>>> print(open('entry07.txt').read())   # compact mmCIF, C-alpha atoms
# COMPACT_ATOMS: atom_id res chain seq x y z
CA MET Z 1 -1.86 21.52 13.25
CA THR Z 2 1.83 21.02 12.49
CA TRP Z 3 4.29 18.58 14.02
CA PRO Z 4 7.92 19.64 14.54
CA ALA Z 5 9.93 16.84 12.95
CA PRO Z 6 12.99 15.72 14.95
CA HIS Z 7 16.33 16.86 13.52
CA SER Z 8 19.20 14.45 14.03
CA GLY Z 9 22.82 13.58 13.61
CA PRO Z 10 23.76 10.00 12.73
CA VAL Z 11 21.16 7.67 14.22
CA ASP Z 12 21.75 4.22 15.71
CA THR Z 13 18.66 2.24 16.64
CA ILE Z 14 16.60 -0.94 16.25
CA VAL Z 15 12.95 -0.49 15.25
CA ASP Z 16 10.33 -3.25 15.50
CA ILE Z 17 7.76 -2.71 12.72
CA PRO Z 18 4.11 -3.87 13.12
CA GLY Z 19 2.45 -6.25 10.66
CA SER Z 20 1.89 -5.76 6.93
CA LYS Z 21 -1.23 -3.89 5.91
CA SER Z 22 -1.34 -5.56 2.50
CA LEU Z 23 -1.12 -9.06 3.93
CA THR Z 24 -3.52 -8.33 6.80
CA ASN Z 25 -6.25 -7.10 4.45
CA ARG Z 26 -5.84 -9.97 2.00
CA TYR Z 27 -5.99 -12.56 4.78
CA LEU Z 28 -9.04 -10.83 6.27
CA VAL Z 29 -10.91 -11.08 2.98
CA LEU Z 30 -10.14 -14.75 2.35
CA ALA Z 31 -10.84 -15.69 5.97
CA ALA Z 32 -14.28 -14.06 5.69
CA LEU Z 33 -15.04 -16.07 2.53
CA GLY Z 34 -14.30 -19.48 4.05
CA SER Z 35 -16.43 -21.76 6.20
CA GLU Z 36 -14.29 -22.18 9.34
CA PRO Z 37 -12.86 -19.62 11.79
CA VAL Z 38 -9.33 -18.37 11.05
CA THR Z 39 -6.98 -16.66 13.52
CA ILE Z 40 -4.59 -14.00 12.23
CA HIS Z 41 -1.60 -13.44 14.52
CA HIS Z 42 0.25 -10.10 14.60
CA PRO Z 43 -2.24 -8.29 12.33
CA LEU Z 44 -1.71 -4.61 11.67
CA ALA Z 45 -4.20 -2.63 13.74
CA ALA Z 46 -4.47 0.64 11.80
CA ARG Z 47 -7.13 2.69 10.07
CA ASP Z 48 -6.96 0.79 6.77
CA THR Z 49 -7.17 -2.63 8.39
CA GLU Z 50 -9.86 -1.57 10.87
CA LEU Z 51 -11.87 -0.25 7.91
CA MET Z 52 -11.48 -3.59 6.15
CA ALA Z 53 -12.51 -5.49 9.27
CA ALA Z 54 -15.55 -3.23 9.72
CA ALA Z 55 -16.51 -3.67 6.07
CA LEU Z 56 -16.41 -7.46 6.38
CA GLU Z 57 -18.43 -7.27 9.59
CA SER Z 58 -21.01 -5.16 7.71
CA LEU Z 59 -21.19 -7.99 5.16
CA GLY Z 60 -21.77 -10.66 7.83
CA ALA Z 61 -18.42 -11.79 9.27
CA VAL Z 62 -17.72 -11.79 13.02
CA ILE Z 63 -14.23 -10.66 14.07
CA ILE Z 64 -13.05 -11.34 17.61
CA ARG Z 65 -10.10 -9.20 18.67
CA ALA Z 66 -7.70 -10.48 21.35
CA ASP Z 67 -4.15 -9.55 22.32
CA ASP Z 68 -2.23 -9.35 19.04
CA SER Z 69 -4.62 -11.66 17.17
CA TRP Z 70 -7.93 -11.47 15.32
CA THR Z 71 -10.22 -14.46 14.82
CA ILE Z 72 -12.54 -14.23 11.81
CA GLN Z 73 -15.75 -16.23 11.80
CA PRO Z 74 -17.33 -16.27 8.32
CA GLY Z 75 -21.02 -15.54 7.91
CA PRO Z 76 -23.45 -15.44 4.99
CA LEU Z 77 -22.80 -12.33 2.90
CA ARG Z 78 -25.46 -9.66 3.35
CA GLY Z 79 -26.08 -6.07 2.30
CA GLY Z 80 -25.13 -2.97 4.22
CA ASP Z 81 -23.16 0.27 4.28
CA VAL Z 82 -19.37 0.20 3.95
CA GLU Z 83 -17.12 3.08 4.99
CA CYS Z 84 -13.94 2.98 2.88
CA GLY Z 85 -12.12 5.95 4.39
CA LEU Z 86 -9.16 6.50 2.07
CA ALA Z 87 -8.23 2.80 1.89
CA GLY Z 88 -7.71 1.64 -1.68
CA THR Z 89 -7.90 -2.01 -0.64
CA VAL Z 90 -11.33 -1.49 0.94
CA MET Z 91 -12.85 0.50 -1.92
CA ARG Z 92 -11.49 -1.97 -4.53
CA PHE Z 93 -11.64 -5.35 -2.70
CA ILE Z 94 -15.16 -5.07 -1.24
CA PRO Z 95 -17.30 -4.41 -4.39
CA PRO Z 96 -16.61 -7.87 -5.93
CA LEU Z 97 -17.53 -9.50 -2.60
CA ALA Z 98 -20.70 -7.40 -2.47
CA ALA Z 99 -21.84 -9.08 -5.70
CA PHE Z 100 -22.47 -12.24 -3.64
CA ALA Z 101 -24.75 -10.48 -1.15
CA MET Z 102 -28.53 -10.75 -1.53
CA GLU Z 103 -29.09 -7.07 -0.73
CA PRO Z 104 -27.49 -3.84 -1.95
CA VAL Z 105 -24.10 -2.84 -0.57
CA ARG Z 106 -23.38 0.89 -0.50
CA LEU Z 107 -19.79 2.15 -0.39
CA ASP Z 108 -18.48 5.64 0.31
CA GLY Z 109 -15.35 7.17 1.79
CA ASP Z 110 -13.41 10.30 2.62
CA PRO Z 111 -13.74 13.25 0.22
CA ALA Z 112 -10.33 12.40 -1.23
CA ALA Z 113 -11.53 8.83 -1.88
CA ARG Z 114 -14.24 10.14 -4.20
CA VAL Z 115 -11.65 11.13 -6.82
CA ARG Z 116 -9.70 7.85 -6.82
CA PRO Z 117 -10.08 5.67 -9.92
CA MET Z 118 -12.78 2.98 -9.72
CA GLY Z 119 -13.49 2.44 -13.41
CA ALA Z 120 -11.85 -0.96 -13.85
CA ILE Z 121 -13.68 -2.56 -10.94
CA VAL Z 122 -17.06 -1.07 -11.91
CA GLU Z 123 -16.67 -2.04 -15.56
CA GLY Z 124 -15.34 -5.47 -14.59
CA LEU Z 125 -18.33 -6.21 -12.38
CA ARG Z 126 -20.72 -5.02 -15.03
CA GLY Z 127 -18.93 -7.29 -17.48
CA LEU Z 128 -19.72 -10.17 -15.13
CA GLY Z 129 -23.40 -9.24 -15.11
CA VAL Z 130 -23.46 -7.39 -11.78
CA GLN Z 131 -25.50 -4.20 -11.50
CA VAL Z 132 -23.41 -1.33 -10.12
CA ASP Z 133 -24.52 2.27 -9.65
CA ALA Z 134 -21.67 4.75 -9.23
CA ASP Z 135 -21.09 8.46 -9.26
CA GLU Z 136 -18.97 9.80 -12.09
CA LEU Z 137 -16.09 12.25 -12.24
CA ASP Z 138 -14.98 13.42 -15.68
CA GLY Z 139 -16.94 10.52 -17.15
CA SER Z 140 -15.30 7.83 -14.99
CA PRO Z 141 -16.91 5.87 -12.10
CA VAL Z 142 -15.99 6.93 -8.56
CA LEU Z 143 -17.37 6.60 -5.04
CA PRO Z 144 -20.02 6.63 -3.74
CA MET Z 145 -21.34 3.48 -5.38
CA THR Z 146 -23.90 0.73 -4.79
CA VAL Z 147 -23.47 -2.92 -5.76
CA HIS Z 148 -26.72 -4.79 -6.29
CA GLY Z 149 -25.77 -8.38 -5.52
CA THR Z 150 -27.88 -11.41 -6.39
CA GLY Z 151 -26.05 -13.98 -4.30
CA SER Z 152 -24.08 -15.51 -7.17
CA VAL Z 153 -21.79 -14.58 -10.04
CA ALA Z 154 -21.22 -16.91 -12.98
CA GLY Z 155 -17.65 -15.77 -13.66
CA GLY Z 156 -15.88 -16.88 -16.84
CA ARG Z 157 -13.64 -14.81 -19.13
CA LEU Z 158 -13.14 -11.13 -18.28
CA GLU Z 159 -10.89 -8.43 -19.70
CA ILE Z 160 -10.07 -5.27 -17.74
CA ASP Z 161 -7.60 -2.40 -17.98
CA ALA Z 162 -5.93 -2.20 -14.56
CA SER Z 163 -3.35 0.39 -15.60
CA ALA Z 164 -4.48 2.73 -12.79
CA SER Z 165 -3.96 0.20 -9.99
CA SER Z 166 -3.02 -3.43 -9.50
CA GLN Z 167 -5.69 -3.49 -6.78
CA PHE Z 168 -8.31 -3.98 -9.50
CA VAL Z 169 -6.71 -7.30 -10.43
CA SER Z 170 -6.28 -8.39 -6.80
CA ALA Z 171 -9.89 -7.49 -5.98
CA LEU Z 172 -11.32 -9.70 -8.71
CA LEU Z 173 -8.88 -12.55 -7.99
CA LEU Z 174 -9.85 -12.61 -4.30
CA ALA Z 175 -13.55 -12.93 -5.17
CA ALA Z 176 -13.00 -15.36 -8.04
CA PRO Z 177 -13.12 -18.62 -5.99
CA LEU Z 178 -16.79 -17.93 -5.18
CA MET Z 179 -17.74 -17.54 -8.86
CA THR Z 180 -19.64 -20.52 -10.28
CA HIS Z 181 -17.18 -21.07 -13.12
CA GLY Z 182 -14.18 -19.37 -11.54
CA LEU Z 183 -12.52 -16.50 -13.39
CA ASP Z 184 -10.25 -16.17 -16.41
CA LEU Z 185 -8.97 -12.62 -15.91
CA HIS Z 186 -6.91 -10.78 -18.50
CA HIS Z 187 -5.38 -7.31 -18.09
CA VAL Z 188 -5.43 -5.67 -21.53
CA GLY Z 189 -3.84 -2.28 -20.81
CA GLU Z 190 -0.29 -1.34 -21.72
CA ASN Z 191 0.87 -0.79 -18.14
CA LEU Z 192 0.29 -2.92 -15.04
CA PRO Z 193 1.82 -1.29 -11.95
CA SER Z 194 2.77 -2.85 -8.62
CA GLN Z 195 2.91 -6.43 -9.82
CA PRO Z 196 4.44 -7.68 -6.52
CA HIS Z 197 1.05 -6.96 -4.94
CA ILE Z 198 -0.62 -9.25 -7.47
CA ALA Z 199 1.98 -11.92 -6.71
CA MET Z 200 1.08 -11.49 -3.03
CA THR Z 201 -2.60 -12.00 -3.82
CA VAL Z 202 -1.87 -15.15 -5.82
CA ALA Z 203 0.31 -16.52 -3.00
CA VAL Z 204 -2.41 -15.89 -0.39
CA LEU Z 205 -5.04 -17.55 -2.60
CA ARG Z 206 -2.85 -20.61 -3.01
CA GLU Z 207 -2.25 -20.68 0.75
CA ALA Z 208 -6.05 -20.90 1.08
CA GLY Z 209 -6.14 -23.92 -1.23
CA ILE Z 210 -7.24 -22.06 -4.37
CA ASP Z 211 -5.84 -23.11 -7.74
CA VAL Z 212 -4.51 -20.07 -9.62
CA ALA Z 213 -2.88 -20.59 -13.00
CA GLU Z 214 -0.68 -17.80 -14.36
CA MET Z 215 -0.45 -17.90 -18.12
CA PRO Z 216 2.91 -18.33 -19.92
CA ALA Z 217 4.91 -15.55 -21.50
CA ASP Z 218 2.88 -15.65 -24.72
CA ALA Z 219 -0.22 -14.63 -22.70
CA PRO Z 220 1.09 -12.31 -19.96
CA ASN Z 221 -1.06 -10.61 -17.34
CA ARG Z 222 -3.66 -13.36 -17.39
CA TRP Z 223 -4.81 -15.43 -14.41
CA VAL Z 224 -7.23 -18.36 -14.26
CA VAL Z 225 -8.80 -19.04 -10.84
CA SER Z 226 -10.67 -22.29 -10.26
CA PRO Z 227 -13.84 -22.22 -8.12
CA ASN Z 228 -13.45 -23.54 -4.59
CA LEU Z 229 -14.14 -22.49 -1.02
CA PRO Z 230 -11.11 -20.71 0.48
CA GLN Z 231 -9.77 -22.47 3.57
CA LEU Z 232 -6.95 -20.54 5.18
CA PRO Z 233 -4.93 -22.00 8.01
CA ASP Z 234 -4.17 -19.76 10.98
CA VAL Z 235 -1.56 -17.26 9.80
CA THR Z 236 1.11 -14.93 11.20
CA ILE Z 237 1.65 -11.55 9.54
CA GLU Z 238 5.11 -10.38 8.49
CA PRO Z 239 6.28 -6.87 9.46
CA ASP Z 240 5.11 -4.18 7.02
CA LEU Z 241 8.22 -3.64 4.91
CA SER Z 242 6.78 -0.55 3.21
CA ASN Z 243 6.29 1.08 6.61
CA ALA Z 244 9.87 0.14 7.44
CA GLY Z 245 11.08 2.32 4.58
CA ALA Z 246 10.91 5.64 6.41
CA PHE Z 247 13.03 4.24 9.25
CA LEU Z 248 15.60 2.78 6.86
CA ALA Z 249 15.66 6.11 5.04
CA ALA Z 250 16.59 7.72 8.37
CA ALA Z 251 19.86 5.79 8.29
CA MET Z 252 20.47 6.91 4.71
CA VAL Z 253 19.93 10.65 5.24
CA THR Z 254 21.83 10.87 8.56
CA GLY Z 255 24.71 8.52 7.74
CA GLY Z 256 23.60 6.39 10.69
CA ARG Z 257 22.47 2.84 11.35
CA VAL Z 258 18.94 1.41 11.58
CA SER Z 259 18.07 -2.27 12.09
CA ILE Z 260 14.68 -3.93 11.56
CA PRO Z 261 14.10 -7.35 13.22
CA ARG Z 262 11.96 -10.17 11.78
CA TRP Z 263 12.73 -9.18 8.17
CA PRO Z 264 11.70 -12.18 6.03
CA SER Z 265 14.30 -13.90 3.86
CA GLN Z 266 11.61 -14.46 1.22
CA THR Z 267 8.48 -12.36 0.80
CA THR Z 268 5.97 -11.05 -1.72
CA GLN Z 269 6.02 -7.58 -0.14
CA ALA Z 270 7.16 -4.77 -2.43
CA GLY Z 271 9.00 -3.16 0.49
CA ASP Z 272 11.72 -5.82 0.28
CA ALA Z 273 13.04 -3.78 -2.67
CA TYR Z 274 14.39 -1.22 -0.18
CA ARG Z 275 17.37 -3.54 0.28
CA ASP Z 276 18.47 -3.14 -3.33
CA ILE Z 277 17.40 0.49 -3.64
CA PHE Z 278 19.32 1.79 -0.65
CA ALA Z 279 22.35 -0.33 -1.52
CA ALA Z 280 22.31 1.27 -4.98
CA MET Z 281 22.18 4.69 -3.30
CA GLY Z 282 25.37 3.94 -1.37
CA GLY Z 283 24.06 2.35 1.80
CA ARG Z 284 25.58 -0.75 3.38
CA VAL Z 285 22.76 -3.29 3.64
CA THR Z 286 22.96 -6.63 5.46
CA LEU Z 287 20.40 -9.29 6.38
CA ASP Z 288 21.62 -11.60 9.14
CA GLU Z 289 19.25 -14.14 10.72
CA GLY Z 290 16.21 -11.94 10.20
CA LEU Z 291 17.84 -8.66 11.23
CA LEU Z 292 18.03 -6.16 8.37
CA THR Z 293 20.53 -3.36 8.91
CA VAL Z 294 21.09 -0.29 6.75
CA VAL Z 295 24.12 1.93 7.36
CA GLY Z 296 23.95 5.24 5.54
CA PRO Z 297 26.79 6.50 3.33
CA GLU Z 298 28.85 9.65 3.67
CA SER Z 299 27.58 10.71 0.25
CA ILE Z 300 24.26 9.50 -1.21
CA THR Z 301 24.34 8.22 -4.80
CA PRO Z 302 21.54 9.39 -7.16
CA TYR Z 303 19.02 6.69 -8.08
CA ASP Z 304 17.83 5.93 -11.60
CA ALA Z 305 15.43 3.03 -12.03
CA ASP Z 306 12.00 1.89 -13.19
CA MET Z 307 9.78 1.92 -10.07
CA LYS Z 308 6.51 0.82 -11.68
CA ASP Z 309 6.29 -2.29 -9.52
CA VAL Z 310 7.26 -0.55 -6.26
CA GLY Z 311 5.48 2.78 -6.59
CA GLU Z 312 4.44 2.89 -2.93
CA LEU Z 313 8.14 3.19 -2.00
CA VAL Z 314 8.62 6.37 -4.04
CA PRO Z 315 7.98 8.99 -1.29
CA SER Z 316 10.68 7.53 0.98
CA VAL Z 317 13.11 7.12 -1.90
CA ALA Z 318 12.37 10.68 -3.07
CA ALA Z 319 13.19 12.02 0.41
CA VAL Z 320 16.59 10.30 0.27
CA ALA Z 321 17.17 11.41 -3.34
CA ALA Z 322 16.72 15.03 -2.23
CA PHE Z 323 20.13 14.76 -0.54
CA ALA Z 324 21.90 12.72 -3.25
CA GLN Z 325 24.85 14.27 -5.02
CA GLY Z 326 23.22 14.54 -8.42
CA THR Z 327 20.00 13.91 -10.29
CA SER Z 328 17.72 10.95 -9.62
CA HIS Z 329 15.15 9.59 -12.09
CA LEU Z 330 12.27 7.61 -10.54
CA ARG Z 331 10.73 6.15 -13.66
CA ASN Z 332 7.38 4.82 -14.89
CA ILE Z 333 5.32 5.84 -11.84
CA GLY Z 334 2.35 7.59 -13.43
CA GLN Z 335 -0.01 5.46 -11.33
CA LEU Z 336 0.99 7.57 -8.30
CA ARG Z 337 -1.31 10.30 -9.59
CA GLY Z 338 -4.24 8.13 -8.47
CA HIS Z 339 -3.01 7.23 -4.97
CA GLU Z 340 -4.21 8.85 -1.73
CA THR Z 341 -3.22 12.10 -3.40
CA ASN Z 342 -1.48 12.88 -6.69
CA ARG Z 343 1.90 11.93 -5.27
CA LEU Z 344 3.89 13.14 -8.27
CA ALA Z 345 2.47 16.63 -7.94
CA ALA Z 346 2.72 16.54 -4.14
CA LEU Z 347 6.37 15.46 -4.12
CA THR Z 348 7.28 18.08 -6.70
CA ALA Z 349 5.59 20.84 -4.69
CA GLU Z 350 6.99 19.83 -1.30
CA LEU Z 351 10.55 19.35 -2.56
CA ALA Z 352 10.37 22.85 -4.03
CA LYS Z 353 9.57 24.19 -0.56
CA ILE Z 354 12.91 22.94 0.78
CA GLY Z 355 14.81 24.28 -2.25
CA VAL Z 356 15.15 21.03 -4.20
CA ARG Z 357 14.14 21.18 -7.86
CA ALA Z 358 11.93 18.30 -8.94
CA TYR Z 359 9.67 17.93 -11.94
CA GLU Z 360 7.55 15.43 -13.81
CA ASP Z 361 8.89 14.15 -17.10
CA GLY Z 362 6.00 12.15 -18.53
CA ASP Z 363 5.46 9.39 -15.97
CA ASP Z 364 8.90 9.91 -14.41
CA LEU Z 365 9.86 12.01 -11.39
CA VAL Z 366 13.19 13.82 -11.72
CA ILE Z 367 14.88 15.10 -8.54
CA GLU Z 368 17.95 17.34 -8.67
CA GLY Z 369 19.50 16.66 -5.29
CA GLY Z 370 22.58 17.76 -3.43
CA GLY Z 371 22.03 21.49 -3.27
CA PRO Z 372 21.36 23.78 -0.31
CA THR Z 373 18.09 23.20 1.53
CA ARG Z 374 15.90 25.24 3.84
CA ALA Z 375 13.27 24.69 6.52
CA ALA Z 376 9.64 24.47 5.44
CA VAL Z 377 6.17 23.37 6.44
CA ILE Z 378 5.47 20.12 4.59
CA ASP Z 379 1.87 19.33 3.64
CA SER Z 380 0.83 15.70 4.09
CA TYR Z 381 -2.21 15.99 1.77
CA GLU Z 382 -3.97 13.53 4.13
CA ASP Z 383 -1.55 10.94 2.70
CA HIS Z 384 0.41 8.78 5.13
CA ARG Z 385 3.39 8.38 2.79
CA MET Z 386 3.67 12.14 2.31
CA ALA Z 387 3.61 12.58 6.09
CA THR Z 388 6.51 10.17 6.59
CA PHE Z 389 8.29 11.81 3.63
CA GLY Z 390 8.23 15.05 5.64
CA ALA Z 391 9.55 13.29 8.74
CA ILE Z 392 12.54 11.96 6.78
CA LEU Z 393 13.36 15.44 5.49
CA GLY Z 394 13.28 16.76 9.04
CA LEU Z 395 16.09 14.48 10.17
CA ARG Z 396 18.44 16.28 7.77
CA ILE Z 397 16.90 19.79 7.72
CA ASP Z 398 16.37 21.61 11.00
CA GLY Z 399 13.01 23.36 11.29
CA ILE Z 400 10.83 21.04 9.21
CA GLU Z 401 7.19 20.88 10.33
CA VAL Z 402 4.60 18.45 8.96
CA ILE Z 403 0.90 19.24 8.61
CA ASP Z 404 -1.42 16.50 9.92
CA ILE Z 405 1.21 13.93 10.90
CA GLU Z 406 -1.70 11.96 12.40
CA THR Z 407 -2.60 10.78 8.90
CA THR Z 408 0.13 8.16 9.45
CA SER Z 409 -2.49 6.28 11.51
CA LYS Z 410 -3.78 5.00 8.15
CA THR Z 411 -1.15 2.26 8.26
CA LEU Z 412 1.00 2.92 11.36
CA PRO Z 413 -0.91 4.42 14.29
CA GLU Z 414 2.17 4.56 16.55
CA PHE Z 415 4.34 6.33 13.97
CA VAL Z 416 4.90 9.56 15.92
CA ALA Z 417 5.76 7.74 19.14
CA MET Z 418 8.03 5.32 17.29
CA TRP Z 419 9.78 8.12 15.38
CA ASN Z 420 10.30 10.25 18.47
CA ARG Z 421 11.54 7.25 20.45
CA ALA Z 422 13.95 6.22 17.71
CA PHE Z 423 15.24 9.62 16.63
CA GLY Z 424 14.08 12.32 19.03
CA GLY Z 425 16.96 11.68 21.42
CA HIS Z 426 19.59 12.28 18.71
CA ARG Z 427 18.69 15.93 18.22
CA VAL Z 428 21.53 18.13 16.97
CA GLU Z 429 22.12 21.23 19.06
CA ALA Z 430 22.03 24.51 17.19
>>> encode(input="entry07.txt", output="structure tokens")
Amino acid sequence: MTWPAPHSGPVDTIVDIPGSKSLTNRYLVLAALGSEPVTIHHPLAARDTELMAAALESLGAVIIRADDSWTIQPGPLRGGDVECGLAGTVMRFIPPLAAFAMEPVRLDGDPAARVRPMGAIVEGLRGLGVQVDADELDGSPVLPMTVHGTGSVAGGRLEIDASASSQFVSALLLAAPLMTHGLDLHHVGENLPSQPHIAMTVAVLREAGIDVAEMPADAPNRWVVSPNLPQLPDVTIEPDLSNAGAFLAAAMVTGGRVSIPRWPSQTTQAGDAYRDIFAAMGGRVTLDEGLLTVVGPESITPYDADMKDVGELVPSVAAVAAFAQGTSHLRNIGQLRGHETNRLAALTAELAKIGVRAYEDGDDLVIEGGGPTRAAVIDSYEDHRMATFGAILGLRIDGIEVIDIETTSKTLPEFVAMWNRAFGGHRVEA
């Protein structure tokens, strides 16, 4: 089923964005590993976070849901079946926790999840002495998989190659406090994407009272976690700044104005980079007492930058770059081939449908913007960021339809209602 994306002139609206998925899932994990109940205020209630909550409940936690808050009561870790859906945080964060269960934990997910990279987490757990059975695809471990826990993990020194996803590092760091000797974790690959997400994990661990030492410049990409029982205070979740990106992009492509309240002045979220990115593309960006406002330019400037650390922002930036007056180079984003779909291939194919030439140059995405465009049916590939990419295009191109817009429920269940409410009333008459 396709969704007719609203087409709009210059927009002018304020959009309140629900809580961060990345923070919600990290707090859920650490709360479940403690000894006392923890209340999370303003959590994101979406498919990815509900899958994480259900996974932790399968492993023994009790989660009490009230109006705009979840209270997590830890329980002894046990075996069970975990449904990962297409959530990278669930399929990567849960296996290290499963090593502390006394019974097997079986993990599986959507068909598209069974092709996502799992090698670093499987090999890392095996390197820690944990038995893991996993299917293989082209010689590499993938879902479904079973972790045979023994109730304890010694920990110690471990080397992994997390070039495919920073989630492998975060997963092992989150479980490290329970290891008898803690964990001395060293990434040994050439590339480590999305480092702000690792910084977020370290910050959340420290908030829970865990000592995490980050090694100096002569030993980069190494973390030493001391053993201790995580004890989170009650926490309040920031708005999801990555989800805000599509709405800010609406201001950019229409030459309008969009404001987001409760934008943090300091944050570990990668989505904060939208401020610098859209300013570089010609937008007027201001942050005043928690209200972030982006005013789009008359002419969009092409963007050329290394986006390794903010790869999840690429689909929204690519949608804006399609209308830039010149060629944009989104660099060092090869890890996007292993996201919910191969986003480099998907963006190239969908931009071609609207008449914009884009191509992969090694691990870079090159977009030749500014030319004539045409209506098209945009495939979401069951990927929430590709769905919102199509919605952004529709604001500028009349006649855009998006296949399976409901996939946005992965991280923003109310996306369609929010988008229609914000932009549906600005429709340009033919």
>>> closest_residue(input="entry07.txt", among="Z:Ser380, Z:Thr341, Z:Thr236, Z:Ser259", to="Val285 (chain Z)", atoms="only C-alpha atoms")
Z:Ser259
>>> closest_atom_pairs(input="entry07.txt", of="region 107-141 of chain Z", to="region 37-56 of chain Z", cutoff="12 Å", atoms="all atoms listed in the file", output="tab-separated table")
residue	atom	partner	partner_atom	distance
Z:Leu107	CA	Z:Ala55	CA	9.3
Z:Asp108	CA	Z:Ala55	CA	11.1
Z:Gly109	CA	Z:Leu51	CA	10.2
Z:Asp110	CA	Z:Leu51	CA	11.9
>>> write_last_selection(input="entry07.txt", atoms="C-alpha atoms", output="tab-separated table (two decimals), keeping the file's coordinate frame")
chain	number	residue	atom	x	y	z
Z	107	LEU	CA	-19.79	2.15	-0.39
Z	108	ASP	CA	-18.48	5.64	0.31
Z	109	GLY	CA	-15.35	7.17	1.79
Z	110	ASP	CA	-13.41	10.30	2.62
>>> atom_distance(input="entry07.txt", atom1="CA of Ile63 (chain Z)", atom2="CA of Gly124 (chain Z)")
29.1 Å
>>> residues_around(input="entry07.txt", residues="Leu192 (chain Z)", least_positions_apart="6", cutoff="9 Å", atoms="all atoms listed in the file", output="ChimeraX atom specification")
/Z:161-166,221,308-309
>>> residues_around(input="entry07.txt", residues="Ile354 (chain Z)", least_positions_apart="4", cutoff="12 Å", atoms="all atoms listed in the file", output="PyMOL selection string")
chain Z and resi 319+322-323+347-350+358+369-379+390+393-394+396-401
>>> write_last_selection(input="entry07.txt", atoms="C-alpha atoms", output="PDB file, keeping the file's coordinate frame")
ATOM      1  CA  ALA Z 319      13.190  12.020   0.410  1.00  0.00           C
ATOM      2  CA  ALA Z 322      16.720  15.030  -2.230  1.00  0.00           C
ATOM      3  CA  PHE Z 323      20.130  14.760  -0.540  1.00  0.00           C
ATOM      4  CA  LEU Z 347       6.370  15.460  -4.120  1.00  0.00           C
ATOM      5  CA  THR Z 348       7.280  18.080  -6.700  1.00  0.00           C
ATOM      6  CA  ALA Z 349       5.590  20.840  -4.690  1.00  0.00           C
ATOM      7  CA  GLU Z 350       6.990  19.830  -1.300  1.00  0.00           C
ATOM      8  CA  ALA Z 358      11.930  18.300  -8.940  1.00  0.00           C
ATOM      9  CA  GLY Z 369      19.500  16.660  -5.290  1.00  0.00           C
ATOM     10  CA  GLY Z 370      22.580  17.760  -3.430  1.00  0.00           C
ATOM     11  CA  GLY Z 371      22.030  21.490  -3.270  1.00  0.00           C
ATOM     12  CA  PRO Z 372      21.360  23.780  -0.310  1.00  0.00           C
ATOM     13  CA  THR Z 373      18.090  23.200   1.530  1.00  0.00           C
ATOM     14  CA  ARG Z 374      15.900  25.240   3.840  1.00  0.00           C
ATOM     15  CA  ALA Z 375      13.270  24.690   6.520  1.00  0.00           C
ATOM     16  CA  ALA Z 376       9.640  24.470   5.440  1.00  0.00           C
ATOM     17  CA  VAL Z 377       6.170  23.370   6.440  1.00  0.00           C
ATOM     18  CA  ILE Z 378       5.470  20.120   4.590  1.00  0.00           C
ATOM     19  CA  ASP Z 379       1.870  19.330   3.640  1.00  0.00           C
ATOM     20  CA  GLY Z 390       8.230  15.050   5.640  1.00  0.00           C
ATOM     21  CA  LEU Z 393      13.360  15.440   5.490  1.00  0.00           C
ATOM     22  CA  GLY Z 394      13.280  16.760   9.040  1.00  0.00           C
ATOM     23  CA  ARG Z 396      18.440  16.280   7.770  1.00  0.00           C
ATOM     24  CA  ILE Z 397      16.900  19.790   7.720  1.00  0.00           C
ATOM     25  CA  ASP Z 398      16.370  21.610  11.000  1.00  0.00           C
ATOM     26  CA  GLY Z 399      13.010  23.360  11.290  1.00  0.00           C
ATOM     27  CA  ILE Z 400      10.830  21.040   9.210  1.00  0.00           C
ATOM     28  CA  GLU Z 401       7.190  20.880  10.330  1.00  0.00           C
TER      29      GLU Z 401
END
>>> closest_atom_pairs(input="entry07.txt", of="region 264-345 of chain Z", to="region 200-217 of chain Z", cutoff="12 Å", atoms="only C-alpha atoms", output="JSON lines")
{"residue": "Z:Gln266", "atom": "CA", "partner": "Z:Met200", "partner_atom": "CA", "distance": 11.7}
{"residue": "Z:Thr267", "atom": "CA", "partner": "Z:Met200", "partner_atom": "CA", "distance": 8.4}
{"residue": "Z:Thr268", "atom": "CA", "partner": "Z:Met200", "partner_atom": "CA", "distance": 5.1}
{"residue": "Z:Gln269", "atom": "CA", "partner": "Z:Met200", "partner_atom": "CA", "distance": 6.9}
{"residue": "Z:Ala270", "atom": "CA", "partner": "Z:Met200", "partner_atom": "CA", "distance": 9.1}
>>> atom_distance(input="entry07.txt", atom1="CA of Val169 (chain Z)", atom2="CA of Gly311 (chain Z)")
16.3 Å
>>> closest_residue(input="entry07.txt", among="Z:Leu173, Z:Gln231, Z:Val153, Z:His186", to="Ile72 (chain Z)", atoms="all atoms listed in the file")
Z:Gln231
>>> atom_distance(input="entry07.txt", atom1="CA of Gly271 (chain Z)", atom2="CA of Gly34 (chain Z)")
28.7 Å
